[in-house]
Protein chains: 2
Amino acid sequence: MNASVTNMEPALLHGGNLVAARQLFPDAPEPFIDLSTGINPHSYPVPPLPPDLFARLPEPAALDRLAEIAAGAYGAPSPACVVPAPGTQILLAPVAALVPPGRAAVFGPTYGEFAHAAALAGHQVMEAGDIEQLRDADLAIVANPNNPDGRVFKRPELLALAEARGGRGLLVIDEAFMDVGPVGASLGGDVARRNIVVLRSFGKFFGLAGLRLGFALARPAIAARLGAALGPWAVSGPAIAIGQKALADGPWIIAMRKRLEGEARRLDSVLAEAALDFVGGTSLFRLVRTSAADCLFHHLGRAGILVRRFPEQAAWLRIGLPGGESVWHRLSAALTEFSG
Amino acid sequence: MNASVTNMEPALLHGGNLVAARQLFPDAPEPFIDLSTGINPHSYPVPPLPPDLFARLPEPAALDRLAEIAAGAYGAPSPACVVPAPGTQILLAPVAALVPPGRAAVFGPTYGEFAHAAALAGHQVMEAGDIEQLRDADLAIVANPNNPDGRVFKRPELLALAEARGGRGLLVIDEAFMDVGPVGASLGGDVARRNIVVLRSFGKFFGLAGLRLGFALARPAIAARLGAALGPWAVSGPAIAIGQKALADGPWIIAMRKRLEGEARRLDSVLAEAALDFVGGTSLFRLVRTSAADCLFHHLGRAGILVRRFPEQAAWLRIGLPGGESVWHRLSAALTEFSG
């Protein structure tokens with residue numbers, strides 16, 4: 001780890017912290033633009049929310065209906081395989097605790113919270129650069145598509161891994177970005193007969209990260225244990241109502257996948273013009289590698305654009321999708337100025 | 001446990017399930033009235049919610065500000081003693097897991113989820129009818145005021161208990177109804193130097209149970225462990241914004257306490273007219289005891305009024321505050337018809 005990495009502002013090691021960005025770049029033009037997350041800038045329209053959604057305890061029947069709709073949307077074998085939660089982040093600790101403390105292997109580099117949650121649950125954690133190394137771990141974790149490099153494992157690869165692991169521990173597949181992943185790559189339909197937990201994020205693809213909604217998919221016995229750990233009423237009334245509507249909105253989902261694909265290609269062009277080396281990504285973000293990453297981070301920051309750095313990968317920058325023409329223009333201009 | 005209790009519909013053993021109530025009483029007049037919870041029917045007005053609260057990941061600075069305001073409202077020694085969460089229910093598992101599996105004692109009868117969460121965390125759980133029995137438990141849990149009987153422990157009593165327990169395990173005080181409890185009874189100011197966790201519910205007093213917001217108060221080392229278990233972004237953007245506003249709204253809080261006291265006395269009169277034996281309660285609910293509890297539950301149900309029964313206390317019924325004149329009228333009429 002070099003000096004510039006160890007000096008990274010801790011507040012900026014997660015995405016989305018504009019308050020910290022404004023402190024670091026006090027003279028940047030406003031509005032400050034947040035391209036540091038992989039959250040869809042084109043949010044699903046929030047419908048009118050009746051006051052009862054805020055006032056009353058969420059009804060169990062409404063949560064059941066959400067699980068039913070989510071099972072359909074994510075291809076889970078049945079609603080009994082679906083655990084709605086206030087975001088997938090809050091699921092990491094109870095998921096890691098499903099396995100008695102042992103050896104955890106996280107395919108990586110990847111999202112740092114997996115290793116963190118596994119360590120908190122008492123596991124010895126290693127980062128696995130090869131999926132083969134996940135075979136003998138008690139708790140095996142892989143993000144698919146991976147964040148931030150967008151690497152995709154094919155479904156047969158992961159099913160073979162699950163087979164090779166036999167009855168051992170738990171294989172966790174984080175499909176936070178699978179909504180924009182290849183068709184047929186999800187393991188959501190395969191959870192019923194194996195020790196697999198699939199995590200699905202609602203807020204990223206639907207652009208509603210502040211709502212806090214996510215799901216674990218697992219066979220009913222595992223789902224029941226996770227549900228018991230969360231207890232009743234884990235999910236807010238607004239999240240249940242919006243989740244029901246959005247996950248059932250097939251036309252919006254199909255159109256949005258297409259739109260994001262197009263915009264990601266547009267981002268590729270912008271990055272190519274700046275001669276940035278493309279590492280990977282998904283339709284919700286792209287990852288570039290440049291020895292000038294630290295410089296570029298600060299250059300963009302001074303231009304009022306926040307992107308994402310990585311403590312262990314000093315040459316990487318992750319760049320999310322601009323949400324409108326003025327943002328595209330500012331990003332292009334800042335990159336041109338940097339490379340020019 | 002007698003037959004009528006074991007036959008209680010499981011879906012109605014928590015409050016707030018109007019869907020199940022309508023199934024049980026299909027011919028009841030509408031609107032079905034929910035008096036089965038202890039949630040304030042006069043909700044804090046939900047302010048306009050900017051789209052960013054739904055779209056963006058909640059900013060750490062916004063959560064810090066909520067913790068600061070909550071520390072002030074609940075008398076916690078510092079914001080570092082405050083863990084915001086999506087409701088207190090979801091805190092029960094990580095709180096119970098702070099203590100290695102051992103003996104848990106829950107002062108009761110009380111809210112059933114405490115014993116449930118303690119058992120899930122691997123503790124041997126006993127119900128303690130006397131606070132003295134909490135002294136030697138590794139995990140000691142008491143609700144103050146207690147739910148459903150409203151019993152209040154004075155602060156010195158609980159501090160003496162904490163002293164007698166010395167450094168042992170954890171003493172958990174659930175102050176879900178302390179917003180309407182006696183002034184000075186909260187242990188929120190005492191968490192810094194002891195193994196105490198105080199739980200505060202936001203949704204009950206502010207009438208916003210669907211929002212999912214609650215807090216744990218504990219000394220910073222314990223608070224940090226709980227915060228790590230929840231991870232970042234546990235609380236939704238709308239909950240952070242509404243919580244900031246409501247917890248800082250002193251005049252609303254003071255006026256609402258008075259209003260609820262008055263309405264609880266009015267409920268007493270209504271219950272007295274029906275010659276019901278008053279057991280206890282808080283300003284948000286009253287508990288009555290009658291050998292005809294099962295009959296009365298069904299009579300009220302047929303009249304479109306849901307109240308709360310208790311599996312272990314067949315003679316108890318908990319009745320929440322009516323939210324408007326038409327509801328008061330329907331409750332009075334139904335009780336008069338029953339007793340007359």
# chains A, B, ... in the order shown; residues from 1 in each chain; ligands from 1

call {"tool": "calpha_fit_and_write", "arguments": {"fixed": "chain B", "moving": "chain A", "output": "compact mmCIF listing (two decimals) with C-alpha atoms, in the first residue's frame"}}
result
# COMPACT_ATOMS: atom_id res chain seq x y z
CA MET A 1 -52.69 -22.69 28.79
CA ASN A 2 -56.37 -23.30 28.12
CA ALA A 3 -57.93 -24.34 24.85
CA SER A 4 -59.11 -20.92 23.80
CA VAL A 5 -55.56 -19.59 24.18
CA THR A 6 -53.82 -22.35 22.30
CA ASN A 7 -56.38 -21.80 19.58
CA MET A 8 -55.52 -18.13 19.22
CA GLU A 9 -54.88 -17.28 15.61
CA PRO A 10 -51.06 -16.98 15.38
CA ALA A 11 -51.41 -14.06 12.94
CA LEU A 12 -53.17 -12.08 15.64
CA LEU A 13 -50.62 -12.60 18.39
CA HIS A 14 -48.79 -9.50 17.23
CA GLY A 15 -50.69 -6.25 16.99
CA GLY A 16 -51.57 -4.46 13.81
CA ASN A 17 -52.65 -7.30 11.55
CA LEU A 18 -55.90 -6.00 10.04
CA VAL A 19 -55.74 -8.44 7.13
CA ALA A 20 -55.96 -11.36 9.57
CA ALA A 21 -58.64 -9.54 11.57
CA ARG A 22 -60.81 -9.13 8.46
CA GLN A 23 -60.40 -12.83 7.71
CA LEU A 24 -61.49 -13.74 11.22
CA PHE A 25 -64.40 -11.27 11.23
CA PRO A 26 -65.52 -11.11 7.60
CA ASP A 27 -68.88 -9.51 8.41
CA ALA A 28 -67.50 -6.71 10.59
CA PRO A 29 -68.35 -3.13 9.63
CA GLU A 30 -65.72 -1.12 7.81
CA PRO A 31 -63.46 0.67 8.34
CA PHE A 32 -61.97 -1.98 10.61
CA ILE A 33 -60.44 -0.20 13.60
CA ASP A 34 -57.02 -1.22 14.85
CA LEU A 35 -56.68 -0.75 18.62
CA SER A 36 -54.32 -3.73 18.90
CA THR A 37 -51.08 -1.75 19.05
CA GLY A 38 -49.59 0.89 21.33
CA ILE A 39 -48.92 3.22 18.43
CA ASN A 40 -49.97 6.86 18.72
CA PRO A 41 -52.94 7.40 16.36
CA HIS A 42 -51.95 11.08 15.99
CA SER A 43 -48.91 10.74 13.76
CA TYR A 44 -46.20 13.34 13.55
CA PRO A 45 -46.90 15.13 10.26
CA VAL A 46 -44.68 13.70 7.52
CA PRO A 47 -42.93 16.66 5.87
CA PRO A 48 -42.44 16.81 2.09
CA LEU A 49 -39.70 14.31 1.26
CA PRO A 50 -37.25 15.42 -1.45
CA PRO A 51 -36.64 12.70 -4.08
CA ASP A 52 -32.96 12.48 -3.11
CA LEU A 53 -33.97 10.94 0.24
CA PHE A 54 -35.25 7.95 -1.71
CA ALA A 55 -32.70 7.96 -4.53
CA ARG A 56 -29.33 8.46 -2.87
CA LEU A 57 -27.54 6.43 -0.23
CA PRO A 58 -28.06 8.20 3.09
CA GLU A 59 -25.06 10.45 3.80
CA PRO A 60 -23.00 9.52 6.89
CA ALA A 61 -23.21 13.17 7.98
CA ALA A 62 -27.03 12.99 8.00
CA LEU A 63 -26.93 9.88 10.17
CA ASP A 64 -24.44 11.57 12.51
CA ARG A 65 -26.79 14.52 12.81
CA LEU A 66 -29.68 12.17 13.64
CA ALA A 67 -27.56 10.53 16.36
CA GLU A 68 -26.76 13.98 17.76
CA ILE A 69 -30.43 15.00 17.87
CA ALA A 70 -31.45 11.63 19.33
CA ALA A 71 -28.76 11.93 22.02
CA GLY A 72 -30.32 15.24 23.01
CA ALA A 73 -33.88 13.96 22.93
CA TYR A 74 -33.15 10.79 24.89
CA GLY A 75 -30.58 12.28 27.28
CA ALA A 76 -27.72 10.07 26.10
CA PRO A 77 -24.27 11.22 27.21
CA SER A 78 -23.04 11.75 23.63
CA PRO A 79 -23.88 10.92 19.99
CA ALA A 80 -21.24 8.17 20.18
CA CYS A 81 -23.63 6.40 22.57
CA VAL A 82 -26.43 6.34 19.97
CA VAL A 83 -27.00 3.60 17.36
CA PRO A 84 -29.77 4.48 14.89
CA ALA A 85 -31.50 1.41 13.46
CA PRO A 86 -34.47 0.53 11.26
CA GLY A 87 -36.65 -0.07 14.31
CA THR A 88 -35.72 -1.59 17.67
CA GLN A 89 -37.00 -5.06 16.71
CA ILE A 90 -34.08 -5.61 14.32
CA LEU A 91 -31.70 -4.65 17.17
CA LEU A 92 -32.81 -7.50 19.43
CA ALA A 93 -30.73 -10.20 17.71
CA PRO A 94 -27.46 -8.23 17.61
CA VAL A 95 -28.03 -7.00 21.18
CA ALA A 96 -28.62 -10.56 22.42
CA ALA A 97 -25.48 -11.64 20.55
CA LEU A 98 -23.33 -9.09 22.42
CA VAL A 99 -23.28 -11.58 25.29
CA PRO A 100 -21.80 -15.09 24.79
CA PRO A 101 -24.52 -17.75 25.12
CA GLY A 102 -25.44 -18.09 28.79
CA ARG A 103 -28.42 -17.45 31.00
CA ALA A 104 -30.94 -14.82 29.97
CA ALA A 105 -33.65 -13.51 32.28
CA VAL A 106 -36.54 -11.46 30.99
CA PHE A 107 -38.72 -9.58 33.45
CA GLY A 108 -42.25 -10.56 32.61
CA PRO A 109 -44.84 -11.19 31.48
CA THR A 110 -43.75 -8.84 28.72
CA TYR A 111 -43.32 -8.44 24.97
CA GLY A 112 -42.59 -11.92 23.61
CA GLU A 113 -39.86 -10.98 21.15
CA PHE A 114 -37.25 -10.48 23.91
CA ALA A 115 -37.27 -14.13 24.97
CA HIS A 116 -37.42 -15.18 21.33
CA ALA A 117 -34.33 -13.16 20.35
CA ALA A 118 -32.41 -14.31 23.43
CA ALA A 119 -33.17 -17.95 22.66
CA LEU A 120 -32.11 -17.50 19.01
CA ALA A 121 -28.78 -16.11 20.24
CA GLY A 122 -28.25 -19.36 22.15
CA HIS A 123 -29.19 -18.23 25.64
CA GLN A 124 -31.17 -20.29 28.14
CA VAL A 125 -34.13 -18.04 28.79
CA MET A 126 -36.21 -17.71 31.95
CA GLU A 127 -39.01 -15.30 32.71
CA ALA A 128 -38.36 -13.39 35.91
CA GLY A 129 -41.33 -12.26 37.95
CA ASP A 130 -39.06 -10.36 40.31
CA ILE A 131 -36.37 -7.90 39.32
CA GLU A 132 -33.99 -9.54 41.82
CA GLN A 133 -33.86 -12.54 39.51
CA LEU A 134 -32.21 -10.38 36.87
CA ARG A 135 -29.11 -9.91 39.01
CA ASP A 136 -27.23 -13.04 38.10
CA ALA A 137 -28.32 -13.43 34.48
CA ASP A 138 -25.74 -12.94 31.75
CA LEU A 139 -28.36 -11.16 29.66
CA ALA A 140 -31.00 -9.34 31.71
CA ILE A 141 -33.92 -7.71 29.95
CA VAL A 142 -36.59 -5.44 31.36
CA ALA A 143 -39.10 -3.25 29.58
CA ASN A 144 -39.68 0.07 31.33
CA PRO A 145 -42.54 0.97 31.27
CA ASN A 146 -43.43 -2.67 30.82
CA ASN A 147 -45.66 -3.80 27.98
CA PRO A 148 -48.52 -4.63 28.36
CA ASP A 149 -49.05 -3.91 32.09
CA GLY A 150 -47.36 -0.50 32.13
CA ARG A 151 -45.36 -1.26 35.27
CA VAL A 152 -42.68 1.36 35.80
CA PHE A 153 -39.37 0.79 37.56
CA LYS A 154 -37.84 3.85 39.12
CA ARG A 155 -34.43 4.84 37.85
CA PRO A 156 -32.67 4.19 41.21
CA GLU A 157 -34.11 0.65 41.28
CA LEU A 158 -32.62 -0.16 37.90
CA LEU A 159 -29.34 1.58 38.68
CA ALA A 160 -29.09 -0.50 41.86
CA LEU A 161 -29.70 -3.59 39.77
CA ALA A 162 -26.96 -2.52 37.35
CA GLU A 163 -24.58 -1.96 40.31
CA ALA A 164 -25.43 -5.34 41.82
CA ARG A 165 -24.75 -7.00 38.49
CA GLY A 166 -21.25 -5.49 38.42
CA GLY A 167 -19.40 -6.17 35.20
CA ARG A 168 -21.57 -9.14 34.33
CA GLY A 169 -23.01 -9.46 30.82
CA LEU A 170 -25.54 -6.90 29.76
CA LEU A 171 -28.64 -5.24 31.21
CA VAL A 172 -31.09 -4.30 28.46
CA ILE A 173 -33.80 -1.75 29.25
CA ASP A 174 -36.46 -1.48 26.56
CA GLU A 175 -37.87 2.02 26.86
CA ALA A 176 -40.24 1.65 23.90
CA PHE A 177 -42.96 3.53 25.78
CA MET A 178 -40.75 5.85 27.86
CA ASP A 179 -41.81 8.86 25.75
CA VAL A 180 -45.05 8.69 27.75
CA GLY A 181 -43.38 7.40 30.93
CA PRO A 182 -42.63 9.33 34.12
CA VAL A 183 -40.14 12.15 33.77
CA GLY A 184 -36.72 11.09 35.02
CA ALA A 185 -37.31 7.34 34.76
CA SER A 186 -35.16 6.82 31.66
CA LEU A 187 -31.71 5.27 31.98
CA GLY A 188 -30.61 6.89 28.72
CA GLY A 189 -28.25 9.16 30.61
CA ASP A 190 -26.65 6.30 32.50
CA VAL A 191 -25.32 4.14 29.70
CA ALA A 192 -21.80 5.55 29.50
CA ARG A 193 -20.25 3.83 32.47
CA ARG A 194 -22.20 0.58 32.72
CA ASN A 195 -23.03 -2.56 30.73
CA ILE A 196 -26.43 -1.16 29.89
CA VAL A 197 -28.22 -1.00 26.56
CA VAL A 198 -31.31 1.20 26.42
CA LEU A 199 -33.67 0.70 23.47
CA ARG A 200 -35.81 3.61 22.28
CA SER A 201 -38.58 3.24 19.75
CA PHE A 202 -39.36 6.18 17.46
CA GLY A 203 -42.48 4.91 15.72
CA LYS A 204 -44.74 4.36 18.72
CA PHE A 205 -44.84 7.83 20.27
CA PHE A 206 -44.50 9.65 16.95
CA GLY A 207 -47.15 7.42 15.36
CA LEU A 208 -44.86 6.44 12.50
CA ALA A 209 -44.36 2.72 13.00
CA GLY A 210 -44.20 2.05 9.25
CA LEU A 211 -41.13 4.26 8.89
CA ARG A 212 -38.97 1.84 10.90
CA LEU A 213 -36.74 3.86 13.17
CA GLY A 214 -35.37 3.06 16.59
CA PHE A 215 -32.23 3.54 18.65
CA ALA A 216 -29.91 1.68 20.96
CA LEU A 217 -28.16 3.76 23.60
CA ALA A 218 -24.99 2.29 25.10
CA ARG A 219 -21.47 3.25 25.98
CA PRO A 220 -19.38 3.98 22.89
CA ALA A 221 -17.57 0.61 22.83
CA ILE A 222 -20.87 -1.31 22.86
CA ALA A 223 -22.51 1.17 20.49
CA ALA A 224 -19.66 0.70 18.03
CA ARG A 225 -20.11 -3.09 18.08
CA LEU A 226 -23.84 -2.75 17.46
CA GLY A 227 -23.25 -0.20 14.71
CA ALA A 228 -20.77 -2.54 13.03
CA ALA A 229 -23.29 -5.39 13.12
CA LEU A 230 -25.86 -3.22 11.34
CA GLY A 231 -23.31 -1.83 8.90
CA PRO A 232 -23.57 1.53 7.14
CA TRP A 233 -26.90 2.67 5.68
CA ALA A 234 -29.10 0.69 8.06
CA VAL A 235 -31.58 3.56 8.29
CA SER A 236 -33.51 4.85 5.27
CA GLY A 237 -33.21 8.41 3.96
CA PRO A 238 -36.84 9.25 4.82
CA ALA A 239 -36.42 7.87 8.37
CA ILE A 240 -33.29 9.96 8.92
CA ALA A 241 -34.97 13.15 7.70
CA ILE A 242 -38.23 12.66 9.59
CA GLY A 243 -36.41 11.49 12.72
CA GLN A 244 -34.20 14.60 12.72
CA LYS A 245 -37.22 16.86 12.50
CA ALA A 246 -39.52 15.08 14.95
CA LEU A 247 -36.99 14.40 17.72
CA ALA A 248 -36.00 18.08 17.70
CA ASP A 249 -39.62 19.27 17.85
CA GLY A 250 -39.88 19.94 21.56
CA PRO A 251 -43.24 21.77 21.47
CA TRP A 252 -44.91 18.93 19.55
CA ILE A 253 -43.47 16.37 21.97
CA ILE A 254 -44.65 18.25 25.06
CA ALA A 255 -48.11 18.91 23.64
CA MET A 256 -48.49 15.31 22.49
CA ARG A 257 -47.57 13.88 25.91
CA LYS A 258 -50.34 16.01 27.44
CA ARG A 259 -52.84 15.12 24.76
CA LEU A 260 -52.17 11.39 25.12
CA GLU A 261 -52.48 11.59 28.90
CA GLY A 262 -55.91 13.15 28.50
CA GLU A 263 -57.03 10.61 25.95
CA ALA A 264 -55.80 7.72 28.11
CA ARG A 265 -57.94 9.06 30.98
CA ARG A 266 -60.87 9.23 28.60
CA LEU A 267 -60.23 5.60 27.67
CA ASP A 268 -60.24 4.75 31.39
CA SER A 269 -63.72 6.27 31.68
CA VAL A 270 -64.97 4.29 28.72
CA LEU A 271 -63.55 1.08 30.18
CA ALA A 272 -64.92 1.88 33.65
CA GLU A 273 -68.40 2.36 32.23
CA ALA A 274 -68.13 -1.15 30.84
CA ALA A 275 -67.07 -2.32 34.31
CA LEU A 276 -63.76 -3.65 33.04
CA ASP A 277 -61.03 -4.31 35.57
CA PHE A 278 -58.06 -2.06 34.84
CA VAL A 279 -54.64 -3.74 35.22
CA GLY A 280 -52.31 -1.01 34.05
CA GLY A 281 -50.95 0.60 30.94
CA THR A 282 -49.32 3.72 29.57
CA SER A 283 -50.79 6.76 27.86
CA LEU A 284 -50.63 4.79 24.60
CA PHE A 285 -52.61 1.73 25.74
CA ARG A 286 -54.54 0.30 28.64
CA LEU A 287 -54.61 -3.29 29.83
CA VAL A 288 -57.81 -4.80 31.18
CA ARG A 289 -58.41 -8.13 32.86
CA THR A 290 -61.67 -10.00 32.49
CA SER A 291 -62.63 -13.64 32.59
CA ALA A 292 -64.69 -12.81 29.51
CA ALA A 293 -61.62 -11.66 27.56
CA ASP A 294 -62.06 -14.21 24.79
CA CYS A 295 -65.75 -13.32 24.44
CA LEU A 296 -65.02 -9.62 24.47
CA PHE A 297 -62.26 -10.02 21.88
CA HIS A 298 -64.72 -11.69 19.52
CA HIS A 299 -67.52 -9.26 20.33
CA LEU A 300 -65.27 -6.30 19.50
CA GLY A 301 -63.97 -8.09 16.43
CA ARG A 302 -67.50 -8.57 15.10
CA ALA A 303 -68.00 -4.84 15.72
CA GLY A 304 -64.93 -4.15 13.56
CA ILE A 305 -62.54 -3.34 16.42
CA LEU A 306 -59.28 -5.26 16.81
CA VAL A 307 -57.68 -5.40 20.27
CA ARG A 308 -54.71 -7.40 21.48
CA ARG A 309 -54.79 -10.75 23.26
CA PHE A 310 -51.90 -12.53 24.98
CA PRO A 311 -51.17 -16.24 24.60
CA GLU A 312 -49.97 -16.71 28.20
CA GLN A 313 -52.54 -14.42 29.83
CA ALA A 314 -55.96 -15.44 28.63
CA ALA A 315 -57.76 -12.88 30.78
CA TRP A 316 -55.86 -9.87 29.44
CA LEU A 317 -56.82 -7.53 26.64
CA ARG A 318 -54.73 -4.54 25.60
CA ILE A 319 -56.59 -1.64 24.09
CA GLY A 320 -54.91 1.21 22.23
CA LEU A 321 -56.10 4.81 21.92
CA PRO A 322 -58.90 5.59 19.46
CA GLY A 323 -57.75 8.09 16.84
CA GLY A 324 -60.92 10.11 16.34
CA GLU A 325 -64.48 10.74 17.54
CA SER A 326 -66.08 8.13 15.30
CA VAL A 327 -63.70 5.52 16.71
CA TRP A 328 -64.42 6.56 20.31
CA HIS A 329 -68.09 6.28 19.54
CA ARG A 330 -67.81 2.82 18.02
CA LEU A 331 -65.69 1.58 20.93
CA SER A 332 -68.12 2.96 23.54
CA ALA A 333 -71.11 1.54 21.73
CA ALA A 334 -69.55 -1.90 21.37
CA LEU A 335 -68.52 -1.99 25.05
CA THR A 336 -71.94 -0.84 26.19
CA GLU A 337 -73.58 -3.52 24.12
CA PHE A 338 -71.25 -6.12 25.63
CA SER A 339 -71.72 -5.16 29.28
CA GLY A 340 -75.35 -4.14 28.93

call {"tool": "select_by_dssp", "arguments": {"residues": "stretch 41-232 of chain B", "states": "alpha helix (DSSP H)", "output": "NGL selection string"}}
result
:B and (51-55 or 60-74 or 92-96 or 113-120 or 155-165 or 220-230)

call {"tool": "select_by_dssp", "arguments": {"residues": "stretch 141-291 of chain A", "states": "strand (DSSP E)", "output": "number ranges by chain"}}
result
A: 141-143, 170-174, 196-201, 214-217, 277-282, 285-289

call {"tool": "decode", "arguments": {"residues": "stretch 17-34 of chain B", "atoms": "N, CA, C and O atoms", "output": "compact mmCIF listing (two decimals), in the first residue's frame"}}
result
# COMPACT_ATOMS: atom_id res chain seq x y z
N ASN B 17 -52.43 -6.49 12.75
CA ASN B 17 -52.67 -7.30 11.56
C ASN B 17 -54.15 -7.24 11.15
O ASN B 17 -54.95 -8.12 11.44
N LEU B 18 -54.52 -6.17 10.44
CA LEU B 18 -55.91 -5.99 10.04
C LEU B 18 -56.34 -6.98 8.98
O LEU B 18 -57.52 -7.34 8.90
N VAL B 19 -55.39 -7.45 8.16
CA VAL B 19 -55.75 -8.44 7.14
C VAL B 19 -56.27 -9.71 7.82
O VAL B 19 -57.32 -10.25 7.47
N ALA B 20 -55.54 -10.16 8.84
CA ALA B 20 -55.97 -11.36 9.58
C ALA B 20 -57.28 -11.09 10.32
O ALA B 20 -58.15 -11.97 10.41
N ALA B 21 -57.42 -9.87 10.84
CA ALA B 21 -58.65 -9.53 11.56
C ALA B 21 -59.86 -9.61 10.63
O ALA B 21 -60.91 -10.12 11.00
N ARG B 22 -59.68 -9.12 9.42
CA ARG B 22 -60.81 -9.14 8.46
C ARG B 22 -61.15 -10.57 8.05
O ARG B 22 -62.30 -10.89 7.77
N GLN B 23 -60.13 -11.43 8.03
CA GLN B 23 -60.41 -12.83 7.71
C GLN B 23 -61.20 -13.50 8.83
O GLN B 23 -62.10 -14.30 8.60
N LEU B 24 -60.83 -13.13 10.07
CA LEU B 24 -61.50 -13.74 11.23
C LEU B 24 -62.91 -13.18 11.41
O LEU B 24 -63.81 -13.89 11.89
N PHE B 25 -63.09 -11.92 11.05
CA PHE B 25 -64.41 -11.27 11.22
C PHE B 25 -64.87 -10.69 9.89
O PHE B 25 -64.91 -9.47 9.70
N PRO B 26 -65.24 -11.57 8.96
CA PRO B 26 -65.53 -11.10 7.59
C PRO B 26 -66.77 -10.21 7.50
O PRO B 26 -66.91 -9.46 6.54
N ASP B 27 -67.66 -10.28 8.50
CA ASP B 27 -68.90 -9.51 8.41
C ASP B 27 -68.82 -8.22 9.22
O ASP B 27 -69.83 -7.52 9.37
N ALA B 28 -67.64 -7.90 9.76
CA ALA B 28 -67.51 -6.71 10.60
C ALA B 28 -67.68 -5.45 9.75
O ALA B 28 -67.34 -5.44 8.56
N PRO B 29 -68.24 -4.39 10.38
CA PRO B 29 -68.38 -3.13 9.63
C PRO B 29 -67.01 -2.53 9.32
O PRO B 29 -66.05 -2.71 10.06
N GLU B 30 -66.95 -1.81 8.21
CA GLU B 30 -65.72 -1.11 7.81
C GLU B 30 -65.90 0.38 8.07
O GLU B 30 -67.04 0.87 8.05
N PRO B 31 -64.85 1.15 8.26
CA PRO B 31 -63.47 0.66 8.34
C PRO B 31 -63.20 -0.14 9.60
O PRO B 31 -63.68 0.20 10.68
N PHE B 32 -62.43 -1.22 9.44
CA PHE B 32 -62.00 -2.00 10.60
C PHE B 32 -61.06 -1.10 11.41
O PHE B 32 -60.20 -0.42 10.85
N ILE B 33 -61.25 -1.10 12.72
CA ILE B 33 -60.47 -0.21 13.59
C ILE B 33 -59.37 -1.01 14.29
O ILE B 33 -59.65 -2.05 14.89
N ASP B 34 -58.16 -0.53 14.23
CA ASP B 34 -57.04 -1.23 14.86
C ASP B 34 -56.68 -0.58 16.19
O ASP B 34 -56.03 0.46 16.23
